[in-house]
Each structure stands twice: as C-alpha cells, then as structure tokens.
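Read the structure below first, then the notes.
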Amino acid sequence: MSIPAGIMRKSALSAKEGDKVPDVVFKARVRDETIVGPNPFKWKDVTSSDLFNGKRVVVFALPGAFTPTCSSTHLPGYESKYDELKQCGVDEVYCLSVNDAFVMRQWGIHQGLEKEDKDTSNPLNPGNFKRVKLLPDGSAHFTRGMGMGCVWDTERGFGERSWRYSAVIDNGVVEKLFIEGGKVVQNFGADPFEVSDADTMLNYLKSHPKKN
C-alpha cells in the first residue's frame, strides 16, 4: 500500500505537544438537496486546514465505530459534555476513527446524535451532526501521520485502526495530548480508557483557557 508523501511521520514515535498535525484530506459525505432519491449526499474533500486552521478544537480518536467502549462511554461522554467544552473556549469537537464516512454516519445515527441537515458553518455539514462531529479517517492518513496507527489482528481481527487518544489542537498545532497508556501498543490485549475521556479533557480546558 502506498502512503502519500508527507503523511507518514518520520519516526515510529507518536506525535507530541508542539507538533503540527498532519496535512491530509478527509473524504466526507455532505447533503446536497439537488440530488433526488433516498441518498442525497455527495463526496466532499475536507482538509486538515479546513478543520484546524485558526481554531482551537478537541479531537478524540478511538479504535472503531460500533465497538463497545467507543459506543458506551467514549463518544457519549463527549456528546454529553459538548456544550461545557465549547464554553471553555473550544471551537469544535471531533470524534475520529479509521472508518469510512458511511459507517461513521450510521454509527452516529445509531448513537442517537442529532443530525445537522441544513447548517453549513462546519466543513463536514450539512449531513454530519449538530454537536460532536464524526470525522472519517477511512484511509488512516491522519492516524498514521499522528503516529497513532495500530492493529489488533491477532487479538480481535482488526486491521489498521487508531490507538485511543484525545488532543487539543490550536491552529493546527498539538497543544495537549492524552494517549492511553502513554504509548501505542500493537495487538495489545487490553483497551485502556483512563485519560482520553471527556471529563479529563474538560478539567484540562478549565485550567487552560483559550489565549486571546
């Protein structure tokens, strides 16, 4: 499999605070009311710059849509704290997974996230969600660029996925990074979930308000 130049980190180490985030293209699906039929969506290329430049955002990444901890705790936690996170000077909250746009949308619907079918103020809308936005990294380009790619092939039959982490990204630069277990581990038996949760992120943001 070829990896576009500039996406893979130069070392096997994960990104660190102060690093620029990978410059990639996310393949999103957005609503287009001019399309007739039951699936009024079209493809849209959304870049890292579209999402992060000039903004302070939270990104939390997880191994997969529809998987247990991701569905029972990780995503619901951020969805329930969304307004509090925004009040701490965050422009947006994104949930990233190595899944395609179709899977991410269906997972969001299954999770009961409120759909956004009209507003265009976020590059992923219309067609994503009103609060936490689900960010499809189907080709793992952002995940690899962050040094967060991992597999659980012998453990769970997973191919390439993202290690669980959360980050504050300020104008395209990693301000704060919470990596589960402190590092990426391949085929790890456990699925640690201790530091990338919404409460930990909220506590950090309350003590580190946005700089004017």
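Letters A, B, ... go to the chains of the structure tokens in the order shown; residues in each chain start at 1; ligands are counted from 1 in the same order.
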With 12 Å as the cut-off and only C-alpha atoms counted, what is the closest atom pair between each nearby residue of stretch 47-116 of chain A and stretch 178-193 of chain A? Distances in Å to one decimal, ordered by chain and number, as CSV.
```
residue,atom,partner,partner_atom,distance
A:Val58,CA,A:Phe178,CA,11.2
A:Val59,CA,A:Phe178,CA,10.4
A:Phe60,CA,A:Phe178,CA,9.1
A:Ala61,CA,A:Ile179,CA,9.7
A:Leu62,CA,A:Phe193,CA,9.8
A:Pro63,CA,A:Asp191,CA,9.1
A:Gly64,CA,A:Asp191,CA,11.7
A:Thr67,CA,A:Asp191,CA,11.1
A:Pro68,CA,A:Asp191,CA,10.3
A:Thr69,CA,A:Phe193,CA,8.1
A:Cys70,CA,A:Phe193,CA,9.5
A:Ser72,CA,A:Phe193,CA,11.9
A:Thr73,CA,A:Phe193,CA,9.3
A:His74,CA,A:Phe193,CA,8.3
```
Just N, CA and C atoms for this one: save the residues we selected as a CSV table (one decimal), in the first residue's frame.
```
chain,number,residue,atom,x,y,z
A,58,VAL,N,-11.0,20.2,19.9
A,58,VAL,CA,-10.7,18.9,20.5
A,58,VAL,C,-10.9,17.8,19.5
A,59,VAL,N,-10.0,16.9,19.5
A,59,VAL,CA,-10.1,15.7,18.7
A,59,VAL,C,-9.9,14.5,19.6
A,60,PHE,N,-10.9,13.6,19.6
A,60,PHE,CA,-10.7,12.3,20.4
A,60,PHE,C,-10.8,11.2,19.4
A,61,ALA,N,-9.9,10.3,19.4
A,61,ALA,CA,-9.8,9.2,18.5
A,61,ALA,C,-10.0,7.9,19.2
A,62,LEU,N,-10.6,6.9,18.5
A,62,LEU,CA,-10.9,5.6,19.1
A,62,LEU,C,-10.8,4.5,18.0
A,63,PRO,N,-10.7,3.3,18.5
A,63,PRO,CA,-10.5,2.1,17.6
A,63,PRO,C,-11.5,1.9,16.6
A,64,GLY,N,-12.8,2.1,16.8
A,64,GLY,CA,-13.8,1.8,15.8
A,64,GLY,C,-15.2,2.1,16.2
A,67,THR,N,-18.0,-0.3,18.3
A,67,THR,CA,-17.3,-1.1,19.2
A,67,THR,C,-17.7,-0.7,20.6
A,68,PRO,N,-17.5,-1.6,21.6
A,68,PRO,CA,-18.2,-1.4,22.9
A,68,PRO,C,-17.8,-0.1,23.7
A,69,THR,N,-16.5,0.0,24.1
A,69,THR,CA,-16.2,1.2,24.9
A,69,THR,C,-16.4,2.5,24.1
A,70,CYS,N,-16.1,2.5,22.8
A,70,CYS,CA,-16.3,3.7,22.0
A,70,CYS,C,-17.8,4.1,22.0
A,72,SER,N,-20.3,2.9,24.2
A,72,SER,CA,-21.0,3.0,25.5
A,72,SER,C,-20.5,4.2,26.4
A,73,THR,N,-19.3,4.7,26.1
A,73,THR,CA,-18.7,5.6,27.0
A,73,THR,C,-17.9,6.8,26.3
A,74,HIS,N,-17.1,6.4,25.4
A,74,HIS,CA,-16.2,7.5,24.8
A,74,HIS,C,-16.9,8.5,24.1
```
Write out as a PDB file with all heavy atoms, in the first residue's frame the residues lying within 6 Å of A:Val168, counting only C-alpha atoms and excluding same-chain residues fewer than 6 positions away.
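Wrote result.pdb, looks like this:
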```
ATOM      1  N   VAL A  57      -9.535  23.310  18.713  1.00  0.00           N
ATOM      2  CA  VAL A  57     -10.510  22.223  18.680  1.00  0.00           C
ATOM      3  C   VAL A  57     -10.042  21.044  19.526  1.00  0.00           C
ATOM      4  O   VAL A  57      -8.858  20.899  19.827  1.00  0.00           O
ATOM      5  CB  VAL A  57     -10.780  21.739  17.237  1.00  0.00           C
ATOM      6  CG1 VAL A  57     -11.172  22.905  16.339  1.00  0.00           C
ATOM      7  CG2 VAL A  57      -9.581  21.014  16.668  1.00  0.00           C
ATOM      8  N   VAL A  58     -11.001  20.210  19.885  1.00  0.00           N
ATOM      9  CA  VAL A  58     -10.725  18.941  20.548  1.00  0.00           C
ATOM     10  C   VAL A  58     -10.946  17.816  19.548  1.00  0.00           C
ATOM     11  O   VAL A  58     -11.957  17.792  18.835  1.00  0.00           O
ATOM     12  CB  VAL A  58     -11.646  18.731  21.772  1.00  0.00           C
ATOM     13  CG1 VAL A  58     -11.576  17.284  22.276  1.00  0.00           C
ATOM     14  CG2 VAL A  58     -11.270  19.693  22.890  1.00  0.00           C
ATOM     15  N   GLU A 175      -1.609  21.163  21.106  1.00  0.00           N
ATOM     16  CA  GLU A 175      -1.422  21.875  22.371  1.00  0.00           C
ATOM     17  C   GLU A 175      -1.304  20.894  23.540  1.00  0.00           C
ATOM     18  O   GLU A 175      -0.435  21.027  24.389  1.00  0.00           O
ATOM     19  CB  GLU A 175      -2.598  22.821  22.613  1.00  0.00           C
ATOM     20  CG  GLU A 175      -2.612  23.461  23.992  1.00  0.00           C
ATOM     21  CD  GLU A 175      -3.908  24.199  24.281  1.00  0.00           C
ATOM     22  OE1 GLU A 175      -4.541  24.729  23.340  1.00  0.00           O
ATOM     23  OE2 GLU A 175      -4.305  24.251  25.460  1.00  0.00           O
ATOM     24  N   LYS A 176      -2.210  19.913  23.579  1.00  0.00           N
ATOM     25  CA  LYS A 176      -2.224  18.924  24.655  1.00  0.00           C
ATOM     26  C   LYS A 176      -2.597  17.575  24.078  1.00  0.00           C
ATOM     27  O   LYS A 176      -3.448  17.480  23.196  1.00  0.00           O
ATOM     28  CB  LYS A 176      -3.229  19.329  25.743  1.00  0.00           C
ATOM     29  CG  LYS A 176      -3.253  18.396  26.945  1.00  0.00           C
ATOM     30  CD  LYS A 176      -1.937  18.404  27.703  1.00  0.00           C
ATOM     31  CE  LYS A 176      -1.994  17.510  28.940  1.00  0.00           C
ATOM     32  NZ  LYS A 176      -0.682  17.470  29.655  1.00  0.00           N
TER      33      LYS A 176
END
```
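Proximity to A:Leu135 was assessed for A:Ser97, A:Ser121, A:Asn171, A:Ser166 counting only C-alpha atoms; the smallest distance is recorded for A:Ser97.
Atom CA of A:Lys115 to atom CA of A:Ser49 spans 23.8 Å [interatomic distance, one decimal].
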*Could you pull out all residues of chain A with a DSSP call of strand (DSSP E or B) and give them as number ranges by chain?*
A: 20, 25-31, 41-47, 56-61, 92-97, 115, 129, 133-136, 149-151, 160-162, 165-170, 173-179
